[in-house]
>>> print(open('coords.txt').read())   # compact mmCIF, C-alpha atoms
# COMPACT_ATOMS: atom_id res chain seq x y z
CA MET D 30 -23.68 -15.86 -13.79
CA ASN D 31 -26.51 -18.11 -12.70
CA ILE D 32 -25.15 -20.06 -9.78
CA SER D 33 -26.65 -23.39 -8.79
CA LEU D 34 -26.06 -25.85 -5.97
CA ASP D 35 -23.91 -27.97 -8.26
CA HIS D 36 -21.37 -25.24 -8.93
CA ARG D 37 -17.98 -25.43 -7.23
CA VAL D 38 -16.53 -22.44 -5.45
CA VAL D 39 -13.13 -21.51 -4.05
CA ARG D 40 -11.53 -18.31 -2.72
CA GLY D 41 -10.04 -16.09 -5.42
CA LYS D 42 -6.35 -16.83 -5.97
CA LYS D 43 -5.29 -13.24 -5.27
CA THR D 44 -7.74 -12.48 -2.48
CA ALA D 45 -5.96 -11.77 0.81
CA SER D 46 -7.83 -12.40 4.04
CA ARG D 47 -7.37 -12.71 7.78
CA ILE D 48 -9.74 -13.67 10.58
CA ILE D 49 -9.81 -11.03 13.31
CA ASP D 50 -11.92 -11.61 16.44
CA GLY D 51 -13.87 -14.32 14.65
CA GLU D 52 -14.65 -12.10 11.66
CA ALA D 53 -13.08 -12.52 8.23
CA ILE D 54 -11.57 -9.41 6.68
CA VAL D 55 -11.15 -9.89 2.96
CA VAL D 56 -9.20 -7.61 0.62
CA THR D 57 -10.01 -7.62 -3.08
CA PRO D 58 -6.70 -6.97 -4.80
CA GLU D 59 -7.82 -5.01 -7.85
CA ASN D 60 -9.34 -2.15 -5.85
CA ARG D 61 -7.86 -2.90 -2.37
CA MET D 62 -11.38 -2.78 -0.93
CA LEU D 63 -12.00 -4.31 2.48
CA HIS D 64 -14.97 -6.57 3.10
CA SER D 65 -15.85 -7.88 6.53
CA LEU D 66 -17.94 -11.03 6.80
CA ASN D 67 -20.38 -11.99 9.54
CA LYS D 68 -20.19 -15.22 11.55
CA VAL D 69 -21.80 -17.49 8.97
CA GLY D 70 -20.03 -15.72 6.10
CA THR D 71 -16.73 -16.19 7.90
CA ARG D 72 -17.44 -19.92 8.31
CA ILE D 73 -18.21 -20.21 4.59
CA TRP D 74 -15.02 -18.30 3.83
CA GLU D 75 -13.08 -20.87 5.90
CA ILE D 76 -14.81 -23.75 4.13
CA ILE D 77 -13.99 -22.46 0.64
CA LYS D 78 -10.27 -22.30 1.30
CA GLU D 79 -10.44 -25.55 -0.66
CA GLU D 80 -12.79 -25.89 -3.61
CA LYS D 81 -16.25 -27.07 -2.51
CA ARG D 82 -19.56 -27.85 -4.13
CA ILE D 83 -22.19 -25.32 -3.01
CA ARG D 84 -24.51 -28.21 -2.09
CA ASP D 85 -21.84 -29.46 0.37
CA ILE D 86 -21.42 -25.99 1.87
CA VAL D 87 -25.18 -25.87 2.53
CA ASP D 88 -24.99 -29.26 4.31
CA LEU D 89 -22.12 -28.08 6.51
CA ILE D 90 -23.91 -24.84 7.43
CA CYS D 91 -27.06 -26.81 8.36
CA GLN D 92 -24.99 -29.05 10.64
CA GLU D 93 -23.20 -26.18 12.36
CA PHE D 94 -25.93 -23.54 12.65
CA GLU D 95 -29.57 -23.76 13.65
CA VAL D 96 -31.10 -23.13 10.25
CA SER D 97 -33.51 -25.00 7.99
CA LYS D 98 -32.19 -26.53 4.79
CA ASP D 99 -34.37 -24.27 2.61
CA LYS D 100 -33.19 -21.13 4.35
CA ALA D 101 -29.54 -22.25 4.29
CA ARG D 102 -29.79 -23.02 0.56
CA GLU D 103 -31.23 -19.60 -0.18
CA ASP D 104 -28.74 -17.73 2.04
CA VAL D 105 -25.66 -19.59 0.87
CA LEU D 106 -26.53 -19.09 -2.80
CA GLU D 107 -27.17 -15.39 -2.23
CA PHE D 108 -23.90 -15.04 -0.30
CA ILE D 109 -21.82 -16.83 -2.97
CA GLN D 110 -23.48 -14.65 -5.62
CA LYS D 111 -22.35 -11.54 -3.71
CA LEU D 112 -18.80 -12.87 -3.35
CA ASP D 113 -18.79 -13.54 -7.08
CA GLN D 114 -20.00 -10.04 -7.94
CA ARG D 115 -17.17 -8.62 -5.83
CA GLN D 116 -14.66 -10.90 -7.56
CA MET D 117 -13.70 -12.58 -4.28
CA VAL D 118 -14.19 -16.16 -5.47
CA ASP D 119 -13.68 -18.42 -8.47
CA ILE D 120 -16.70 -20.46 -9.54
CA ARG D 121 -16.89 -23.32 -12.01
CA PRO D 122 -19.61 -25.79 -12.97
CA MET K 21 29.33 -2.40 -24.78
CA SER K 22 28.31 1.01 -23.47
CA LYS K 23 29.33 2.19 -20.06
CA LYS K 24 26.74 1.83 -17.31
CA PHE K 25 26.45 4.28 -14.46
CA GLU K 26 25.31 3.13 -11.04
CA LEU K 27 23.66 4.90 -8.17
CA LYS K 28 22.91 3.29 -4.81
CA VAL K 29 19.98 4.57 -2.81
CA LYS K 30 19.09 3.73 0.78
CA ILE K 31 15.62 4.38 2.16
CA ALA K 32 14.50 3.19 5.58
CA GLY K 33 17.70 1.15 5.82
CA ILE K 34 16.99 -0.74 2.58
CA CYS K 35 19.57 -0.20 -0.15
CA PHE K 36 19.03 -0.80 -3.87
CA SER K 37 20.97 0.15 -6.94
CA ILE K 38 19.86 2.01 -10.05
CA VAL K 39 21.83 1.39 -13.22
CA SER K 40 21.62 3.27 -16.52
CA GLU K 41 23.65 3.95 -19.63
CA SER K 42 22.17 7.44 -19.62
CA PRO K 43 24.23 9.99 -17.67
CA GLU K 44 21.18 12.30 -17.71
CA VAL K 45 19.09 9.75 -15.80
CA ILE K 46 21.79 9.25 -13.18
CA GLN K 47 22.41 13.00 -12.84
CA LEU K 48 18.70 13.68 -12.35
CA LEU K 49 18.35 11.01 -9.69
CA LYS K 50 21.60 12.02 -7.99
CA LYS K 51 20.27 15.53 -7.61
CA TRP K 52 16.78 14.52 -6.54
CA TYR K 53 17.83 11.68 -4.22
CA ASP K 54 20.53 13.75 -2.53
CA GLY K 55 20.74 12.71 1.12
CA PHE K 56 19.58 9.17 0.32
CA LEU K 57 22.63 8.00 -1.64
CA SER K 58 24.55 5.14 -0.12
CA SER K 59 27.65 3.02 -0.46
CA GLY K 60 25.93 0.04 1.18
CA LYS K 61 25.26 -3.40 -0.19
CA PRO K 62 22.15 -3.31 -2.40
CA VAL K 63 19.43 -5.95 -1.98
CA GLY K 64 17.71 -5.06 -5.26
CA ARG K 65 18.64 -3.64 -8.66
CA ILE K 66 16.85 -1.75 -11.39
CA GLU K 67 17.94 -0.64 -14.81
CA ILE K 68 16.61 2.42 -16.60
CA GLU K 69 17.00 2.64 -20.36
CA VAL K 70 16.13 5.67 -22.42
CA ASN K 71 14.74 4.80 -25.81
CA ASP K 72 12.25 6.47 -28.09
CA ILE K 73 9.27 4.15 -27.65
CA GLU K 74 5.54 4.30 -28.12
CA ALA K 75 4.62 1.86 -25.40
CA GLY K 76 0.90 2.08 -24.82
CA HIS K 77 -1.90 4.46 -24.01
CA ARG K 78 -1.70 7.41 -21.66
CA GLY K 79 -2.33 6.38 -18.03
CA VAL K 80 -0.30 3.77 -16.18
CA ASN K 81 -1.42 0.17 -16.25
CA PHE K 82 0.04 -2.34 -13.86
CA PHE K 83 -0.54 -6.03 -14.14
CA THR K 84 0.83 -9.03 -12.31
CA LYS K 85 1.58 -12.40 -13.83
CA ASN K 86 3.06 -14.98 -11.48
CA GLU K 87 6.14 -13.34 -9.98
CA HIS K 88 6.38 -10.46 -12.46
CA VAL K 89 4.77 -7.05 -12.34
CA TYR K 90 4.48 -5.18 -15.62
CA ALA K 91 3.98 -1.44 -15.97
CA LEU K 92 2.83 0.15 -19.18
CA ASP K 93 2.13 3.74 -20.16
CA ARG K 94 2.38 5.81 -23.31
CA ASP K 95 5.91 6.88 -22.34
CA PHE K 96 7.35 3.82 -20.58
CA MET K 97 7.26 0.08 -20.19
CA GLY K 98 8.80 -1.86 -17.32
CA CYS K 99 8.96 -5.20 -15.62
CA ILE K 100 9.81 -6.18 -12.05
CA ASN K 101 10.78 -9.66 -10.94
CA LEU K 102 9.36 -9.96 -7.43
CA ARG K 103 11.28 -13.11 -6.52
CA GLU K 104 14.71 -11.95 -7.58
CA ASP K 105 14.27 -8.25 -6.79
CA TRP K 106 15.31 -6.74 -10.08
CA GLY K 107 13.52 -4.60 -12.59
CA LYS K 108 14.00 -2.92 -15.92
CA ILE K 109 12.21 0.03 -17.46
CA ILE K 110 12.44 1.71 -20.84
CA ILE K 111 11.43 5.36 -20.76
CA LYS K 112 10.85 7.67 -23.67
CA ASP K 113 13.09 10.47 -22.45
CA ALA K 114 15.08 11.42 -19.37
CA ARG K 115 12.64 13.80 -17.71
CA TYR K 116 12.24 13.63 -13.97
CA SER K 117 8.57 12.61 -13.90
CA LEU K 118 9.48 9.51 -15.92
CA VAL K 119 12.79 8.75 -14.25
CA ASP K 120 11.34 8.78 -10.72
CA ILE K 121 8.38 6.46 -11.33
CA PHE K 122 10.16 3.16 -11.46
CA PRO K 123 12.41 3.47 -8.38
CA ARG K 124 9.28 4.31 -6.36
CA VAL K 125 7.25 1.39 -7.72
CA PHE K 126 10.18 -1.00 -7.31
CA TYR K 127 10.93 0.16 -3.77
CA SER K 128 7.30 -0.20 -2.66
CA MET K 129 7.56 -3.93 -3.37
CA LEU K 130 11.12 -4.40 -2.17
CA ALA K 131 10.36 -2.75 1.18
CA LEU K 132 7.58 -5.24 1.89
CA LYS K 133 10.15 -8.03 2.09
CA TYR K 134 11.81 -6.10 4.90
CA ASP K 135 8.62 -5.31 6.84
CA GLY K 136 8.25 -1.89 5.28
CA PHE K 137 5.86 -0.01 3.04
CA LEU K 138 5.38 3.35 1.34
CA ILE K 139 2.37 5.43 2.22
CA HIS K 140 0.81 8.59 0.82
CA ALA K 141 1.43 10.75 3.84
CA ALA K 142 3.22 13.74 5.23
CA GLY K 143 5.75 12.64 7.83
CA MET K 144 6.91 14.85 10.67
CA LEU K 145 9.33 14.42 13.52
CA LYS K 146 9.86 15.96 16.91
CA GLY K 147 12.91 14.33 18.47
CA ASP K 148 12.37 10.60 18.05
CA SER K 149 8.57 10.90 17.76
CA GLY K 150 7.01 10.59 14.34
CA LEU K 151 3.56 11.59 13.11
CA LEU K 152 1.90 10.55 9.87
CA PHE K 153 -0.77 12.65 8.17
CA THR K 154 -2.27 10.51 5.48
CA GLY K 155 -4.78 10.94 2.70
CA PRO K 156 -5.04 10.98 -1.08
CA SER K 157 -4.04 13.94 -3.25
CA GLY K 158 -5.89 17.05 -2.17
CA ALA K 159 -6.53 15.81 1.39
CA GLY K 160 -4.25 18.46 2.85
CA LYS K 161 -0.84 16.82 3.37
CA THR K 162 1.07 19.77 1.98
CA THR K 163 -1.11 22.27 3.86
CA VAL K 164 -0.55 20.48 7.16
CA SER K 165 3.19 20.26 6.43
CA ARG K 166 3.46 23.99 5.72
CA LEU K 167 1.61 24.84 8.90
CA SER K 168 3.82 22.55 10.99
CA GLN K 169 7.23 23.54 9.61
CA GLU K 170 8.21 25.72 12.52
CA ARG K 171 7.46 23.14 15.21
CA TYR K 172 8.21 19.86 13.43
CA GLN K 173 10.82 18.57 11.06
CA ILE K 174 9.01 17.59 7.85
CA VAL K 175 10.65 14.55 6.22
CA ASN K 176 8.36 14.48 3.19
CA ASP K 177 4.91 15.91 2.48
CA ASP K 178 3.74 13.25 0.06
CA ILE K 179 5.34 9.80 0.35
CA VAL K 180 6.81 8.40 3.55
CA ALA K 181 8.19 4.96 4.40
CA VAL K 182 7.13 2.97 7.47
CA ARG K 183 9.16 -0.01 8.59
CA LYS K 184 9.07 -2.42 11.51
CA ILE K 185 12.47 -2.67 13.14
CA ASP K 186 12.97 -4.73 16.31
CA GLY K 187 9.20 -4.95 16.78
CA GLU K 188 8.74 -1.17 16.59
CA PHE K 189 7.25 0.79 13.70
CA ARG K 190 9.28 3.77 12.58
CA LEU K 191 8.57 6.35 9.94
CA PHE K 192 11.28 7.37 7.49
CA GLY K 193 11.76 10.15 4.99
CA THR K 194 11.90 9.23 1.31
CA PRO K 195 13.29 11.10 -1.70
CA PHE K 196 10.09 10.50 -3.69
CA TRP K 197 7.97 13.36 -5.02
CA GLY K 198 7.14 15.89 -2.39
CA THR K 199 5.66 19.21 -3.36
CA ILE K 200 6.60 21.47 -0.49
CA ASN K 201 9.56 23.68 -1.11
CA ILE K 202 11.80 22.12 1.51
CA LYS K 203 14.45 19.47 1.26
CA ARG K 204 13.22 15.90 1.78
CA LYS K 205 15.00 14.51 4.81
CA ASN K 206 16.58 11.16 5.44
CA ARG K 207 15.52 11.00 9.07
CA SER K 208 13.37 8.66 11.10
CA GLY K 209 11.32 8.53 14.28
CA ARG K 210 9.14 6.11 16.20
CA LEU K 211 5.62 6.11 14.77
CA LYS K 212 3.53 7.68 17.48
CA ALA K 213 0.20 8.46 15.80
CA ILE K 214 -1.53 8.49 12.43
CA PHE K 215 -3.97 11.16 11.29
CA VAL K 216 -6.34 10.66 8.40
CA LEU K 217 -6.88 14.11 6.91
CA LYS K 218 -10.26 15.62 6.19
CA LYS K 219 -10.62 19.29 5.27
CA ASP K 220 -13.51 20.82 7.18
CA ASN K 221 -14.76 24.09 8.64
CA ARG K 222 -13.98 23.07 12.22
CA LEU K 223 -11.26 21.28 14.12
CA HIS K 224 -12.29 17.86 15.32
CA PHE K 225 -10.45 14.63 16.14
CA LYS K 226 -12.11 11.21 16.19
CA LYS K 227 -10.33 8.04 17.20
CA MET K 228 -10.78 5.38 14.55
CA GLY K 229 -10.93 1.64 14.97
CA GLY K 230 -11.85 -1.64 13.32
CA ARG K 231 -12.54 -1.84 9.62
CA GLU K 232 -12.73 1.94 9.22
CA ALA K 233 -9.17 2.37 10.52
CA LEU K 234 -7.84 -0.55 8.52
CA GLY K 235 -9.50 0.70 5.34
CA ALA K 236 -8.16 4.24 5.81
CA LEU K 237 -4.62 2.99 6.36
CA MET K 238 -4.56 0.39 3.60
CA SER K 239 -6.10 2.60 0.96
CA ASN K 240 -3.18 5.01 1.28
CA ILE K 241 -0.40 2.42 1.14
CA LEU K 242 1.36 2.21 -2.23
CA LEU K 243 1.27 -1.21 -3.81
CA PHE K 244 1.24 -1.89 -7.52
CA THR K 245 0.70 -5.62 -7.62
CA THR K 246 -2.22 -7.94 -7.07
CA GLN K 247 0.06 -10.77 -5.95
CA LEU K 248 -1.51 -12.61 -3.02
CA GLN K 249 1.56 -12.79 -0.77
CA MET K 250 2.20 -9.06 -1.09
CA ASN K 251 -1.42 -8.19 -0.36
CA GLU K 252 -1.39 -10.49 2.66
CA LYS K 253 1.80 -8.84 3.86
CA ILE K 254 0.21 -5.38 3.58
CA LEU K 255 -2.81 -6.64 5.48
CA ASP K 256 -0.67 -8.13 8.27
CA LEU K 257 1.57 -5.07 8.58
CA SER K 258 -1.46 -2.75 8.63
CA LEU K 259 -3.13 -4.79 11.37
CA GLU K 260 0.06 -4.71 13.40
CA VAL K 261 0.54 -0.96 12.92
CA LEU K 262 -3.00 -0.37 14.15
CA LYS K 263 -2.46 -2.57 17.19
CA LYS K 264 0.50 -0.44 18.22
CA THR K 265 -0.43 3.03 16.97
CA PRO K 266 -3.49 5.21 17.56
CA ILE K 267 -5.20 6.49 14.42
CA TYR K 268 -7.46 9.54 14.30
CA LYS K 269 -9.66 11.16 11.71
CA MET K 270 -8.54 14.78 11.76
CA HIS K 271 -11.09 17.30 10.52
CA PHE K 272 -9.17 20.53 10.17
CA LEU K 273 -9.17 24.09 8.89
CA PRO K 274 -6.27 25.61 6.99
CA GLU K 275 -4.68 27.04 10.14
CA ASP K 276 -2.43 25.59 12.81
CA SER K 277 -4.95 24.98 15.62
CA PHE K 278 -4.54 21.19 15.16
CA LEU K 279 -0.99 21.46 16.49
CA GLY K 280 -2.26 22.45 19.93
CA TRP K 281 -4.46 19.35 20.18
CA ILE K 282 -1.61 17.10 19.02
CA ASN K 283 0.82 18.73 21.42
CA GLU K 284 -1.57 18.14 24.30
CA HIS K 285 -2.68 14.60 23.45
CA ILE K 286 0.17 12.98 21.51
CA THR K 287 3.68 14.44 21.55
>>> encode(input="coords.txt", output="structure tokens")
Amino acid sequence: MNISLDHRVVRGKKTASRIIDGEAIVVTPENRMLHSLNKVGTRIWEIIKEEKRIRDIVDLICQEFEVSKDKAREDVLEFIQKLDQRQMVDIRP
Amino acid sequence: MSKKFELKVKIAGICFSIVSESPEVIQLLKKWYDGFLSSGKPVGRIEIEVNDIEAGHRGVNFFTKNEHVYALDRDFMGCINLREDWGKIIIKDARYSLVDIFPRVFYSMLALKYDGFLIHAAGMLKGDSGLLFTGPSGAGKTTVSRLSQERYQIVNDDIVAVRKIDGEFRLFGTPFWGTINIKRKNRSGRLKAIFVLKKDNRLHFKKMGGREALGALMSNILLFTTQLQMNEKILDLSLEVLKKTPIYKMHFLPEDSFLGWINEHIT
């Protein structure tokens, strides 16, 4: 799937997760694989508890972390793409 | 209406009933679940029907839709209602390998509601201390059980129950599977340590932590549904177990030298 800034993203309905010591641990239910997210990934994971437009996630990350808009855009898109490949999120246009 | 036979089974203090019109099914389970039969009040109920069906392809498929879990194989088809704790399965014939599947699957989900879970592990007791040796098929659970028989009481060498009671995790014997030629025991002990088995050419113990420990524990817990609440419950229970119980990677040889290390450091 080609993901753009206008797509909306939300955590997968069956994806269990907990935040331990500031780090999100996510379990994908089909294969019971564990995924641990870094600080920024964990923040994005918190944000997408509710459905969000990727463009809005980028804005929030720019406000909260010292990162340029271009870099944030690139990193957030790449991160969401990875979550999608691992079936951890639902994405819709 | 045909007569239905009922059997009540209690594992880790959780009682459920198994109902069938087939006396062969009940006789098989009565024999195999000896020591785990109960007259208590059941909190769940399953029905096993024998009927000549062609259900699906070989190899079990589980899928979850809302609060139901469906199981389909060439020789059986079943459904479990997770909210109301009942289930029904139709099996092709009353052979043990088919009869035992559903109670195990059903119990793995029922136990979660009572802070318990089933795990692929050999469970051993010394007094009130319990040890779990976990790993997938071929990891060495039966080997470790055989080597420990003289010093520990083996409750099961394949599937063990763990349940939190009064804030403490205890391991319990189950009547499920088990390959070692000893009787599965309905006993329990406080969970003192967990060992993740790894066959090797030397004896070596390594304390595990973080994601590695969590992954090793969770991957051996039996759960047949993708339902969010159940997966969250497994995650929470696993995290709590690891907070209270040390977990080690145990590289071992097929001889009993590991018992000396455990005796010195754990029991």
>>> residues_around(input="coords.txt", residues="stretch 187-199 of chain K", least_positions_apart="6", cutoff="8 Å", atoms="all atoms listed in the file", output="ChimeraX atom specification")
/K:31-32,52-54,56,120,124,143,150-152,162,175-181,205-211,261
>>> residues_around(input="coords.txt", residues="stretch 36-44 of chain D", least_positions_apart="4", cutoff="10 Å", atoms="all atoms listed in the file", output="PyMOL selection string")
(chain D and resi 31-32+55-59+61+74-86+109+112-113+116-122) or (chain K and resi 245-252)
>>> residues_near_point(input="coords.txt", point="(-2.2, 18.9, 7.9)", cutoff="9 Å", atoms="only C-alpha atoms", output="count of residues only")
24
>>> residues_near_point(input="coords.txt", point="(-14.7, -10.7, 13.8)", cutoff="12 Å", atoms="all atoms listed in the file", output="list in words")
Arg47, Ile48, Ile49, Asp50, Gly51, Glu52, Ala53, Ile54, Val55, His64, Ser65, Leu66, Asn67, Lys68, Val69, Gly70, Thr71 and Arg72 of chain D; Gly230 and Arg231 of chain K
>>> interface_residues(input="coords.txt", of="chain K", to="chain D", cutoff="12 Å", atoms="all atoms listed in the file", output="ChimeraX atom specification")
/K:81-86,230-260,263
>>> closest_residue(input="coords.txt", among="K:Ile68, K:Ile121, K:Ile185, K:Leu145", to="K:Gln173", atoms="all atoms listed in the file")
K:Leu145
>>> residues_around(input="coords.txt", residues="K:Phe96", least_positions_apart="6", cutoff="12 Å", atoms="only C-alpha atoms", output="number ranges by chain")
K: 68-82, 90, 108-115, 117-122
>>> atom_distance(input="coords.txt", atom1="atom CA of K:Tyr268", atom2="atom CA of K:His224")
9.7 Å
>>> atom_distance(input="coords.txt", atom1="atom CA of K:Ile34", atom2="atom CA of K:Val216")
26.6 Å
>>> atom_distance(input="coords.txt", atom1="atom CA of D:Arg115", atom2="atom CA of K:Pro156")
23.5 Å
>>> residues_around(input="coords.txt", residues="D:Lys98", least_positions_apart="6", cutoff="12 Å", atoms="only C-alpha atoms", output="number ranges by chain")
D: 84-92, 104-105
>>> axis_aligned_box(input="coords.txt", around="stretch 262-278 of chain K", padding_each_side="5 Å", output="AutoDock Vina command-line options")
--center_x -5.3 --center_y 12.2 --center_z 12.6 --size_x 21.6 --size_y 39.6 --size_z 21.2
>>> closest_residue(input="coords.txt", among="K:Gly55, K:Pro62, K:Gly155, K:Pro266", to="K:Glu26", atoms="all atoms listed in the file")
K:Pro62
